[in-house]
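Chemist: This is the content of run_5.tsv (TSV, C-alpha atoms):
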chain	number	residue	atom	x	y	z
A	126	MET	CA	47.93	-45.71	49.09
A	127	ILE	CA	47.36	-48.36	51.73
A	128	GLY	CA	45.07	-47.61	54.63
A	129	SER	CA	42.32	-49.10	56.75
A	130	ASP	CA	40.05	-46.11	57.16
A	131	GLY	CA	36.87	-48.04	56.35
A	132	THR	CA	36.26	-46.25	53.05
A	133	VAL	CA	35.28	-48.36	50.07
A	134	LEU	CA	38.21	-49.64	48.07
A	135	LEU	CA	36.42	-51.92	45.64
A	136	ARG	CA	32.76	-52.26	44.76
A	137	ALA	CA	30.92	-54.45	42.27
A	138	ARG	CA	27.27	-54.01	41.33
A	139	SER	CA	25.08	-56.55	39.52
A	140	LEU	CA	28.08	-58.18	37.92
A	141	ASN	CA	27.34	-60.85	35.32
A	142	LYS	CA	29.51	-63.01	33.13
A	143	ILE	CA	28.06	-65.19	30.42
A	144	PHE	CA	30.34	-67.41	28.36
A	145	ALA	CA	28.73	-68.34	25.07
A	146	GLY	CA	30.42	-70.92	22.88
A	147	GLU	CA	29.37	-73.60	20.38
A	148	GLY	CA	25.72	-73.82	21.39
A	149	VAL	CA	26.52	-73.81	25.10
A	150	VAL	CA	25.82	-70.79	27.25
A	151	VAL	CA	27.31	-70.68	30.73
A	152	HIS	CA	26.13	-68.04	33.16
A	153	ALA	CA	29.29	-68.12	35.30
A	154	VAL	CA	28.63	-65.10	37.50
A	155	ARG	CA	25.10	-63.86	38.27
A	156	GLU	CA	24.14	-60.47	39.68
A	157	VAL	CA	27.03	-60.33	42.13
A	158	ASP	CA	27.23	-57.35	44.47
A	159	LEU	CA	30.21	-57.01	46.72
A	160	SER	CA	32.32	-54.39	48.38
A	161	LEU	CA	35.69	-54.31	50.05
A	162	ALA	CA	36.72	-51.55	52.46
A	163	ASN	CA	40.22	-50.15	52.52
A	164	GLY	CA	42.37	-52.53	54.54
A	165	GLU	CA	39.73	-55.24	54.67
A	166	PHE	CA	40.51	-58.92	54.08
A	167	VAL	CA	37.68	-60.78	52.35
A	168	ALA	CA	37.63	-64.40	51.20
A	169	VAL	CA	35.42	-65.61	48.36
A	170	THR	CA	34.74	-69.29	48.54
A	171	GLY	CA	32.66	-71.94	46.83
A	172	PRO	CA	32.98	-75.28	45.04
A	173	SER	CA	34.83	-75.49	41.74
A	174	GLY	CA	32.69	-74.10	38.96
A	175	SER	CA	30.91	-71.67	41.29
A	176	GLY	CA	32.34	-68.70	39.42
A	177	LYS	CA	34.79	-67.45	42.01
A	178	SER	CA	37.85	-67.26	39.74
A	179	THR	CA	35.84	-65.63	36.96
A	180	LEU	CA	34.64	-63.04	39.48
A	181	LEU	CA	38.20	-62.30	40.61
A	182	HIS	CA	39.42	-62.03	37.04
A	183	MET	CA	36.71	-59.49	36.25
A	184	LEU	CA	37.59	-57.48	39.36
A	185	GLY	CA	41.21	-57.39	38.21
A	186	GLY	CA	40.36	-56.53	34.60
A	187	LEU	CA	41.56	-59.86	33.19
A	188	GLU	CA	38.06	-60.71	32.02
A	189	LYS	CA	35.39	-58.31	30.76
A	190	PRO	CA	32.00	-58.45	32.55
A	191	THR	CA	28.95	-59.14	30.38
A	192	SER	CA	27.13	-56.54	32.44
A	193	GLY	CA	27.44	-54.71	35.74
A	194	GLU	CA	29.72	-52.13	37.30
A	195	ILE	CA	33.13	-52.22	38.98
A	196	TRP	CA	34.37	-49.30	41.02
A	197	LEU	CA	37.93	-49.05	42.30
A	198	GLU	CA	38.90	-46.26	44.69
A	199	GLY	CA	35.78	-44.32	43.69
A	200	LYS	CA	36.31	-44.56	39.93
A	201	ARG	CA	34.30	-46.69	37.58
A	202	VAL	CA	36.66	-49.10	35.84
A	203	ASP	CA	34.59	-51.82	34.13
A	204	GLY	CA	34.62	-50.04	30.78
A	205	LEU	CA	38.37	-49.39	30.67
A	206	SER	CA	40.46	-50.55	27.72
A	207	GLN	CA	42.99	-53.37	28.12
A	208	ALA	CA	45.79	-50.81	28.16
A	209	ARG	CA	44.18	-48.72	30.89
A	210	TRP	CA	43.56	-51.87	32.94
A	211	ALA	CA	47.19	-52.88	32.56
A	212	MET	CA	48.20	-49.47	33.89
A	213	LEU	CA	45.80	-49.82	36.81
A	214	ARG	CA	47.18	-53.23	37.68
A	215	ARG	CA	50.76	-51.99	37.59
A	216	ARG	CA	50.00	-49.22	40.07
A	217	HIS	CA	47.02	-50.17	42.18
A	218	ILE	CA	46.43	-53.92	42.11
A	219	GLY	CA	48.68	-56.82	43.06
A	220	PHE	CA	47.82	-60.24	41.62
A	221	VAL	CA	48.76	-63.66	42.97
A	222	PHE	CA	47.81	-66.86	41.17
A	223	GLN	CA	47.76	-70.54	41.99
A	224	PHE	CA	50.63	-71.30	39.62
A	225	PHE	CA	52.89	-68.40	40.64
A	226	ASN	CA	53.38	-67.16	37.02
A	227	LEU	CA	56.93	-65.96	37.63
A	228	VAL	CA	59.09	-65.08	34.65
A	229	SER	CA	61.24	-68.19	34.37
A	230	ASN	CA	64.31	-66.74	32.64
A	231	MET	CA	64.72	-63.91	35.16
A	232	THR	CA	66.14	-64.15	38.66
A	233	VAL	CA	63.95	-63.95	41.74
A	234	ALA	CA	65.24	-60.43	42.39
A	235	ASP	CA	64.50	-59.26	38.83
A	236	ASN	CA	60.98	-60.69	38.97
A	237	VAL	CA	60.24	-58.48	41.95
A	238	GLU	CA	62.13	-55.42	40.72
A	239	LEU	CA	60.47	-55.52	37.32
A	240	ALA	CA	57.07	-55.17	38.98
A	241	ALA	CA	58.30	-52.17	40.97
A	242	LEU	CA	59.84	-50.56	37.86
A	243	MET	CA	56.66	-51.06	35.87
A	244	GLY	CA	54.76	-49.42	38.70
A	245	GLY	CA	56.86	-46.29	38.25
A	246	ALA	CA	59.63	-46.80	40.82
A	247	SER	CA	63.19	-45.66	40.05
A	248	ARG	CA	65.90	-48.29	39.71
A	249	LYS	CA	67.17	-47.46	43.18
A	250	GLN	CA	63.72	-47.55	44.76
A	251	ALA	CA	62.97	-50.86	43.02
A	252	THR	CA	66.14	-52.45	44.39
A	253	ALA	CA	65.45	-51.16	47.88
A	254	ARG	CA	61.87	-52.41	47.79
A	255	ARG	CA	62.97	-55.81	46.48
A	256	ARG	CA	65.55	-56.13	49.31
A	257	GLU	CA	62.96	-55.19	51.88
A	258	LEU	CA	60.33	-57.63	50.60
A	259	LEU	CA	62.59	-60.62	50.05
A	260	GLY	CA	64.09	-60.00	53.47
A	261	GLU	CA	60.67	-59.97	55.11
A	262	LEU	CA	59.68	-63.13	53.30
A	263	GLY	CA	62.86	-64.94	54.29
A	264	LEU	CA	64.08	-65.17	50.70
A	265	ALA	CA	67.07	-62.80	50.69
A	266	ALA	CA	69.44	-65.71	50.07
A	267	LYS	CA	67.51	-66.75	46.95
A	268	ALA	CA	67.59	-63.35	45.23
A	269	ASP	CA	69.91	-64.47	42.43
A	270	ALA	CA	68.34	-67.88	41.87
A	271	ALA	CA	66.08	-68.76	38.96
A	272	PRO	CA	62.46	-69.31	40.08
A	273	ALA	CA	62.56	-72.95	38.95
A	274	ARG	CA	65.23	-73.68	41.58
A	275	LEU	CA	62.79	-72.77	44.34
A	276	SER	CA	60.14	-74.92	46.03
A	277	GLY	CA	56.47	-74.20	45.32
A	278	GLY	CA	56.10	-72.45	48.66
A	279	GLU	CA	59.12	-70.24	47.96
A	280	GLN	CA	57.89	-69.40	44.48
A	281	GLN	CA	54.55	-68.35	45.90
A	282	ARG	CA	56.33	-66.10	48.40
A	283	VAL	CA	58.23	-64.51	45.50
A	284	ALA	CA	54.91	-64.06	43.67
A	285	LEU	CA	53.58	-62.30	46.77
A	286	ALA	CA	56.67	-60.08	46.91
A	287	ARG	CA	56.10	-59.21	43.27
A	288	ALA	CA	52.43	-58.45	43.87
A	289	MET	CA	53.32	-56.17	46.78
A	290	ALA	CA	56.21	-54.44	45.04
A	291	ASN	CA	54.18	-51.31	44.25
A	292	ARG	CA	52.40	-51.18	47.59
A	293	PRO	CA	49.07	-51.73	45.83
A	294	ALA	CA	45.91	-50.73	47.69
A	295	LEU	CA	44.33	-53.99	46.58
A	296	LEU	CA	45.77	-57.48	46.54
A	297	LEU	CA	43.82	-60.05	44.50
A	298	ALA	CA	44.75	-63.66	45.20
A	299	ASP	CA	43.40	-66.57	43.17
A	300	GLU	CA	43.82	-69.87	45.06
A	301	PRO	CA	47.26	-68.77	46.27
A	302	THR	CA	47.65	-71.91	48.40
A	303	GLY	CA	46.02	-74.28	45.92
A	304	ASN	CA	49.29	-75.86	44.95
A	305	LEU	CA	51.10	-75.83	48.28
A	306	ASP	CA	51.59	-78.30	51.11
A	307	SER	CA	50.39	-77.43	54.58
A	308	ALA	CA	53.65	-75.91	55.84
A	309	ALA	CA	53.91	-73.62	52.80
A	310	THR	CA	50.20	-72.78	53.12
A	311	THR	CA	50.78	-71.72	56.72
A	312	ALA	CA	53.70	-69.52	55.62
A	313	VAL	CA	51.67	-67.82	52.88
A	314	LEU	CA	48.74	-67.28	55.23
A	315	GLY	CA	51.13	-65.75	57.76
A	316	LEU	CA	52.35	-63.30	55.12
A	317	LEU	CA	48.82	-62.37	54.13
A	318	ALA	CA	47.93	-61.84	57.79
A	319	ARG	CA	50.92	-59.55	58.19
A	320	ALA	CA	50.07	-57.58	55.06
A	321	HIS	CA	46.52	-57.30	56.33
A	322	ALA	CA	47.75	-56.03	59.69
A	323	ASP	CA	49.71	-53.37	57.79
A	324	GLY	CA	46.45	-52.17	56.20
A	325	GLN	CA	46.56	-54.08	52.92
A	326	GLY	CA	43.15	-54.65	51.29
A	327	ILE	CA	42.93	-58.30	50.23
A	328	LEU	CA	40.39	-60.22	48.17
A	329	LEU	CA	41.24	-63.89	48.20
A	330	VAL	CA	39.51	-66.63	46.25
A	331	THR	CA	39.82	-70.14	47.64
A	332	HIS	CA	37.94	-73.41	47.88
A	333	ASP	CA	39.90	-74.20	51.06
A	334	LEU	CA	37.79	-73.12	54.01
A	335	ARG	CA	40.71	-73.38	56.39
A	336	VAL	CA	42.26	-70.59	54.33
A	337	ALA	CA	38.97	-68.68	53.97
A	338	CYS	CA	38.30	-68.62	57.70
A	339	THR	CA	41.40	-66.46	58.29
A	340	ALA	CA	39.65	-63.50	56.58
A	341	ASP	CA	37.53	-60.73	58.17
A	342	ARG	CA	34.57	-61.67	56.05
A	343	VAL	CA	33.62	-64.70	53.95
A	344	ILE	CA	31.51	-64.56	50.79
A	345	SER	CA	30.10	-67.90	49.60
A	346	LEU	CA	29.32	-68.39	45.95
A	347	PHE	CA	27.15	-71.12	44.53
A	348	ASP	CA	26.25	-71.41	40.85
A	349	GLY	CA	27.66	-67.95	40.23
A	350	MET	CA	25.51	-66.32	42.90
A	351	VAL	CA	26.34	-64.97	46.32
A	352	VAL	CA	24.55	-67.20	48.82
A	353	ASP	CA	26.19	-65.78	51.94
A	354	ASP	CA	28.25	-62.73	52.84
A	355	ALA	CA	29.03	-62.55	56.54
A	356	PRO	CA	31.76	-61.35	58.86
A	357	MET	CA	33.70	-64.10	60.62
A	358	THR	CA	32.49	-64.29	64.18
A	359	ILE	CA	35.23	-65.41	66.46
A	360	PRO	CA	34.38	-67.00	69.78
A	361	HIS	CA	36.04	-65.21	72.69
A	362	ARG	CA	37.28	-68.35	74.37
A	363	PRO	CA	39.23	-70.94	72.45
A	364	MET	CA	36.88	-73.78	71.65
A	365	LEU	CA	37.13	-76.98	73.60
A	366	LEU	CA	36.60	-80.39	72.13
A	367	PRO	CA	33.68	-81.66	74.13
A	368	ASP	CA	33.34	-85.14	72.76
A	369	VAL	CA	36.83	-86.23	71.91
A	370	LEU	CA	37.22	-88.17	75.08
A	371	LYS	CA	34.52	-89.40	77.33
A	372	LEU	CA	35.07	-90.76	80.77
A	373	ARG	CA	33.25	-93.95	80.16
A	374	GLY	CA	35.49	-95.90	82.49
B	189	MET	CA	39.02	-96.07	79.84
B	190	PRO	CA	41.45	-93.14	79.82
B	191	LEU	CA	41.48	-93.37	83.61
B	192	LEU	CA	42.28	-97.07	83.54
B	193	ALA	CA	45.05	-96.43	81.01
B	194	LEU	CA	46.58	-93.78	83.26
B	195	LEU	CA	46.41	-96.14	86.24
B	196	ALA	CA	48.27	-98.76	84.24
B	197	LYS	CA	51.36	-96.59	84.66
B	198	GLU	CA	51.12	-96.19	88.43
B	199	PRO	CA	48.59	-95.99	91.26
B	200	ALA	CA	47.14	-92.52	91.73
B	201	HIS	CA	44.39	-90.58	93.46
B	202	GLY	CA	41.61	-88.64	91.78
B	203	TYR	CA	43.29	-85.25	91.60
B	204	GLU	CA	46.45	-86.74	90.17
B	205	LEU	CA	44.41	-88.41	87.43
B	206	LYS	CA	42.69	-85.12	86.64
B	207	SER	CA	45.93	-83.22	86.31
B	208	GLN	CA	47.54	-86.00	84.28
B	209	LEU	CA	44.66	-85.92	81.80
B	210	GLU	CA	45.02	-82.16	81.49
B	211	GLN	CA	48.74	-82.44	81.05
B	212	VAL	CA	48.59	-85.07	78.32
B	213	PHE	CA	45.77	-83.54	76.27
B	214	GLY	CA	46.38	-79.86	76.89
B	215	GLU	CA	44.06	-76.93	76.39
B	216	ALA	CA	41.82	-78.48	73.80
B	217	TYR	CA	40.56	-81.05	76.26
B	218	PRO	CA	37.79	-79.83	78.57
B	219	ALA	CA	39.08	-79.89	82.14
B	220	PRO	CA	37.52	-83.06	83.57
B	221	ASN	CA	35.24	-82.53	86.51
B	222	ILE	CA	36.69	-84.07	89.66
B	223	GLY	CA	33.29	-85.33	90.79
B	224	GLN	CA	32.90	-87.17	87.51
B	225	ILE	CA	36.30	-88.75	87.98
B	226	TYR	CA	35.40	-90.01	91.48
B	227	VAL	CA	32.06	-91.38	90.31
B	228	THR	CA	33.85	-93.19	87.48
B	229	LEU	CA	36.48	-94.57	89.85
B	230	GLN	CA	33.75	-95.85	92.17
B	231	ARG	CA	32.06	-97.61	89.29
B	232	LEU	CA	35.35	-99.14	88.17
B	233	GLU	CA	35.93	-100.38	91.70
B	234	ARG	CA	32.45	-101.94	91.84
B	235	ASP	CA	33.21	-103.68	88.54
B	236	GLY	CA	36.42	-105.06	89.97
B	237	LEU	CA	38.74	-103.21	87.60
B	238	VAL	CA	40.44	-101.09	90.25
B	239	ARG	CA	40.94	-101.32	94.01
B	240	SER	CA	41.65	-98.53	96.43
B	241	GLN	CA	43.15	-97.93	99.83
B	242	ASP	CA	43.35	-94.95	102.11
B	243	VAL	CA	46.80	-93.52	102.58
B	244	VAL	CA	47.31	-91.76	105.87
B	245	GLN	CA	48.77	-88.28	105.56
B	246	THR	CA	50.01	-86.43	108.62
B	247	THR	CA	49.38	-82.84	107.63
B	248	ARG	CA	46.34	-83.32	105.42
B	249	PRO	CA	43.25	-85.55	105.32
B	250	ASN	CA	43.82	-89.09	104.13
B	251	LYS	CA	43.74	-89.69	100.44
B	252	ARG	CA	42.35	-92.63	98.55
B	253	VAL	CA	44.79	-94.13	96.08
B	254	TYR	CA	43.56	-96.31	93.25
B	255	GLU	CA	45.39	-99.07	91.42
B	256	LEU	CA	44.50	-101.51	88.69
B	257	THR	CA	43.44	-105.07	89.45
B	258	ASP	CA	44.49	-107.89	87.10
B	259	ALA	CA	41.06	-107.66	85.47
B	260	GLY	CA	41.58	-103.92	85.04
B	261	ARG	CA	44.96	-104.43	83.42
B	262	GLU	CA	43.44	-106.94	81.03
B	263	ALA	CA	40.64	-104.49	80.19
B	264	VAL	CA	43.20	-101.79	79.31
B	265	VAL	CA	45.15	-104.12	77.03
B	266	GLU	CA	41.94	-105.20	75.32
B	267	TRP	CA	40.78	-101.60	74.94
B	268	VAL	CA	44.06	-100.50	73.39
B	269	ASP	CA	44.19	-103.45	71.00
B	270	LYS	CA	40.63	-103.14	69.74
B	271	THR	CA	39.98	-101.02	66.62
B	272	SER	CA	37.85	-97.95	67.29
B	273	GLU	CA	34.56	-96.83	65.83
B	274	GLY	CA	34.53	-93.92	63.37
B	275	PRO	CA	33.37	-90.59	64.69
B	276	ARG	CA	29.63	-90.80	64.14
B	277	VAL	CA	26.73	-92.05	62.14
B	278	ARG	CA	24.04	-89.85	63.59
B	279	ASP	CA	24.19	-86.15	63.02
B	280	GLU	CA	21.78	-83.78	64.68
B	281	PHE	CA	22.13	-81.16	62.00
B	282	PHE	CA	21.25	-83.66	59.30
B	283	MET	CA	18.15	-84.72	61.24
B	284	LYS	CA	17.01	-81.11	61.26
B	285	LEU	CA	17.78	-80.67	57.59
B	286	ALA	CA	16.02	-83.86	56.53
B	287	LEU	CA	12.99	-83.37	58.76
B	288	SER	CA	12.56	-79.63	58.38
B	289	GLN	CA	10.84	-80.10	55.07
B	290	LEU	CA	8.21	-82.35	56.59
B	291	ALA	CA	7.56	-79.85	59.35
B	292	ARG	CA	7.42	-77.06	56.75
B	293	THR	CA	9.29	-74.92	59.21
B	294	SER	CA	12.10	-73.89	57.17
B	295	ASP	CA	14.27	-72.35	54.80
B	296	ARG	CA	16.78	-75.15	54.28
B	297	LEU	CA	19.34	-72.93	52.62
B	298	GLY	CA	19.23	-70.73	55.72
B	299	LEU	CA	19.83	-73.79	57.88
B	300	ILE	CA	22.87	-74.78	55.83
B	301	ILE	CA	24.26	-71.25	55.79
B	302	ARG	CA	23.95	-70.83	59.55
B	303	GLN	CA	25.60	-74.19	60.13
B	304	ARG	CA	28.42	-73.27	57.75
B	305	ARG	CA	29.05	-70.00	59.60
B	306	HIS	CA	29.16	-71.92	62.85
B	307	TYR	CA	31.65	-74.48	61.50
B	308	LEU	CA	33.78	-71.72	59.98
B	309	ALA	CA	33.97	-69.92	63.32
B	310	GLN	CA	35.01	-73.19	64.98
B	311	LEU	CA	37.56	-73.81	62.25
B	312	ARG	CA	39.07	-70.38	62.82
B	313	SER	CA	39.11	-70.82	66.56
B	314	LEU	CA	40.77	-74.24	66.35
B	315	SER	CA	43.33	-73.07	63.77
B	316	GLU	CA	44.32	-70.23	66.07
B	317	LEU	CA	44.53	-72.63	68.99
B	318	ALA	CA	46.63	-75.09	66.96
B	319	ALA	CA	49.14	-72.36	66.20
B	320	THR	CA	49.81	-71.86	69.91
B	321	VAL	CA	50.35	-75.53	70.78
B	322	ASP	CA	53.74	-77.17	70.39
B	323	ARG	CA	53.43	-80.53	72.08
B	324	PRO	CA	52.47	-83.26	69.62
B	325	VAL	CA	49.64	-84.94	71.55
B	326	PRO	CA	47.41	-81.88	72.06
B	327	ARG	CA	48.37	-80.54	68.64
B	328	LEU	CA	47.33	-83.78	66.92
B	329	LEU	CA	44.09	-83.79	68.88
B	330	ILE	CA	43.29	-80.31	67.56
B	331	GLU	CA	44.46	-81.22	64.05
B	332	GLY	CA	42.06	-84.20	64.11
B	333	ALA	CA	39.18	-81.95	65.11
B	334	ILE	CA	40.09	-79.55	62.30
B	335	LEU	CA	40.08	-82.32	59.71
B	336	HIS	CA	36.69	-83.53	60.95
B	337	LEU	CA	35.35	-79.99	60.67
B	338	GLN	CA	36.65	-79.71	57.13
B	339	ALA	CA	34.88	-82.96	56.27
B	340	ASP	CA	31.69	-81.58	57.84
B	341	LEU	CA	32.01	-78.46	55.72
B	342	ASP	CA	32.52	-80.50	52.54
B	343	TRP	CA	29.52	-82.59	53.44
B	344	LEU	CA	27.44	-79.44	54.03
B	345	GLN	CA	28.34	-78.45	50.49
B	346	ARG	CA	27.11	-81.83	49.24
B	347	CYS	CA	23.84	-81.35	51.14
B	348	GLN	CA	23.42	-77.97	49.49
B	349	GLU	CA	24.13	-79.37	46.04
B	350	GLU	CA	21.79	-82.34	46.32
B	351	LEU	CA	18.92	-81.18	48.48
B	352	LEU	CA	18.36	-77.61	47.33
As structure tokens, please, write out the structure in this file.
Modeler:
Amino acid sequence: MIGSDGTVLLRARSLNKIFAGEGVVVHAVREVDLSLANGEFVAVTGPSGSGKSTLLHMLGGLEKPTSGEIWLEGKRVDGLSQARWAMLRRRHIGFVFQFFNLVSNMTVADNVELAALMGGASRKQATARRRELLGELGLAAKADAAPARLSGGEQQRVALARAMANRPALLLADEPTGNLDSAATTAVLGLLARAHADGQGILLVTHDLRVACTADRVISLFDGMVVDDAPMTIPHRPMLLPDVLKLRG
Amino acid sequence: MPLLALLAKEPAHGYELKSQLEQVFGEAYPAPNIGQIYVTLQRLERDGLVRSQDVVQTTRPNKRVYELTDAGREAVVEWVDKTSEGPRVRDEFFMKLALSQLARTSDRLGLIIRQRRHYLAQLRSLSELAATVDRPVPRLLIEGAILHLQADLDWLQRCQEELL
């Protein structure tokens, strides 16, 4: 399911979301077009309130667009029922959130295995996949612990393992480092980079530009609109710091 | 001043000072130009902060070794003790942004977007560099530059919010 052949994995056209409550109408997402190729890593960034989380939630079927189209792996999905979306997420989409959202009364291992089982794996396959993932993420020793016994960084790694349990073509991450210190952020970014190198398509929403700049492409949102969508250009030589020290004598 | 501070440890000649600077600050520091170092040393000597003497070498040309004078040592102590200015008050980008409207040359959003792409590319480049550096002094130097860049990016966002 995973591959970086340059074909379109996810596409959104003229996506809008309008929240209307007690006399207030908020146009959270306006006419957003975006596409993600198989195996591509794209960051969506913008200040808080710019609509980036709402956009991600629509792309993952957690929020219904007011108008517009969403295509996943060549199929139009914006009109699907909740149940069909749930099925799609179990098989094709991995989700990671800022607050981990692990099931607190299940062990770390069961959290990951459950995701694999729900994606259609056999018991044996689920166990094997869980071993493999927790091993890769350096969490094998914590398999039998309750999530609450783990640090925030460890819980986020478990959440990543859970999201990847079904080898989804698309990983959606909503501020996955928003609640982590810098060491844990570095670890999570390292895992994303490795998944990306393995051909995982990733759409990551973050307000942290240090996180965003690790992607292949950065989309900037402002007031619900895309104001920039550009590939990261990486200078060939490492940059020097021209003015940090001057020989003034 | 960095040259004076290095000389406070021991007398040295120009090339030694150059390689010491490179060694302390690592890759992130632009390799100082040896000509610039000699010009600076000459100025310091004229100002009475260092003195020099030629050391005779048998197999190679003589070398000129510099050492601090008492005035130079005092200047180093004073320099180290004094609090330092913040990074900057003037910003060329902001000049362009503020004045571009008067000149009617521009698309200010375009200006901000291009600058953001440039900062993001620098941020990426420095983050990758930081990951390869273990020694604390060069790593902290890079980390400082990264934090400044992040502040610049936040500030760019503020410019976008308030001026557009």
Chemist: Within 10 Å of chain A, which residues of chain B show up when using all atoms listed in the file, listed as a PyMOL selection string?
Modeler: chain B and resi 189-193+213+215-220+224-225+227-232+237+275+297-298+301-302+304-317+319+329-330+332-335+337-338+341-342+345-346+348-349
Chemist: From the options B:Ser207, B:Leu194, B:Leu328, B:Cys347, which residue's atoms come nearest to B:Arg261, counting only C-alpha atoms?
Modeler: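 Among the listed residues, the smallest separation from B:Arg261 belongs to B:Leu194.
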Chemist: Between atom CA of A:Gly174 and atom CA of A:Ile143, measure the distance and give it in Å to one decimal.
Modeler: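 Pair atom CA of A:Gly174 / atom CA of A:Ile143 returns 13.2 Å.
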Chemist: Pick out the closest residue to B:Gly260 from this set: B:Ala339, B:Val238, B:Ala286, B:Ile300. Count all atoms listed in the file.
Modeler: B:Val238
Chemist: Tell me, as a list in words, which residues lie within 12 Å of A:Asp269, counting all atoms listed in the file; anything in the same chain fewer than 3 positions away does not count.
Modeler: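 Close residues of A:Asp269: Asn230, Met231, Thr232, Val233, Ala234, Asp235, Asn236, Val237, Arg255, Arg256, Leu259, Leu264, Ala265, Ala266, Pro272, Ala273, Arg274 and Leu275 of chain A.
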Chemist: Identify, on the basis of all atoms listed in the file, every residue whose closest approach to B:Ser288 does not exceed 12 Å; exclude the query and any residue fewer than 6 positions from it along the same chain; express the result as an NGL selection string.
Modeler: :B and (280-282 or 294-300 or 351)
Chemist: Report, in Å to a single decimal, how far apart atom CA of A:Ala294 and atom CA of A:Gly324 are.
Modeler: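 Atom-to-atom, atom CA of A:Gly324 to atom CA of A:Ala294, that is 8.6 Å.
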Chemist: Select, from B:Tyr203, B:Tyr226, B:Trp343, B:Tyr254, the residue with the minimum atom-to-atom distance to B:Ser240, counting all atoms listed in the file.
Modeler: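 Using all atoms listed in the file, the shortest distance to B:Ser240 belongs to B:Tyr254.
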Chemist: Using all atoms listed in the file, which of the listed residues (A:Leu297, A:Ala240, A:Ala284, A:Val154) sits closest to A:Met212?
Modeler: A:Ala240
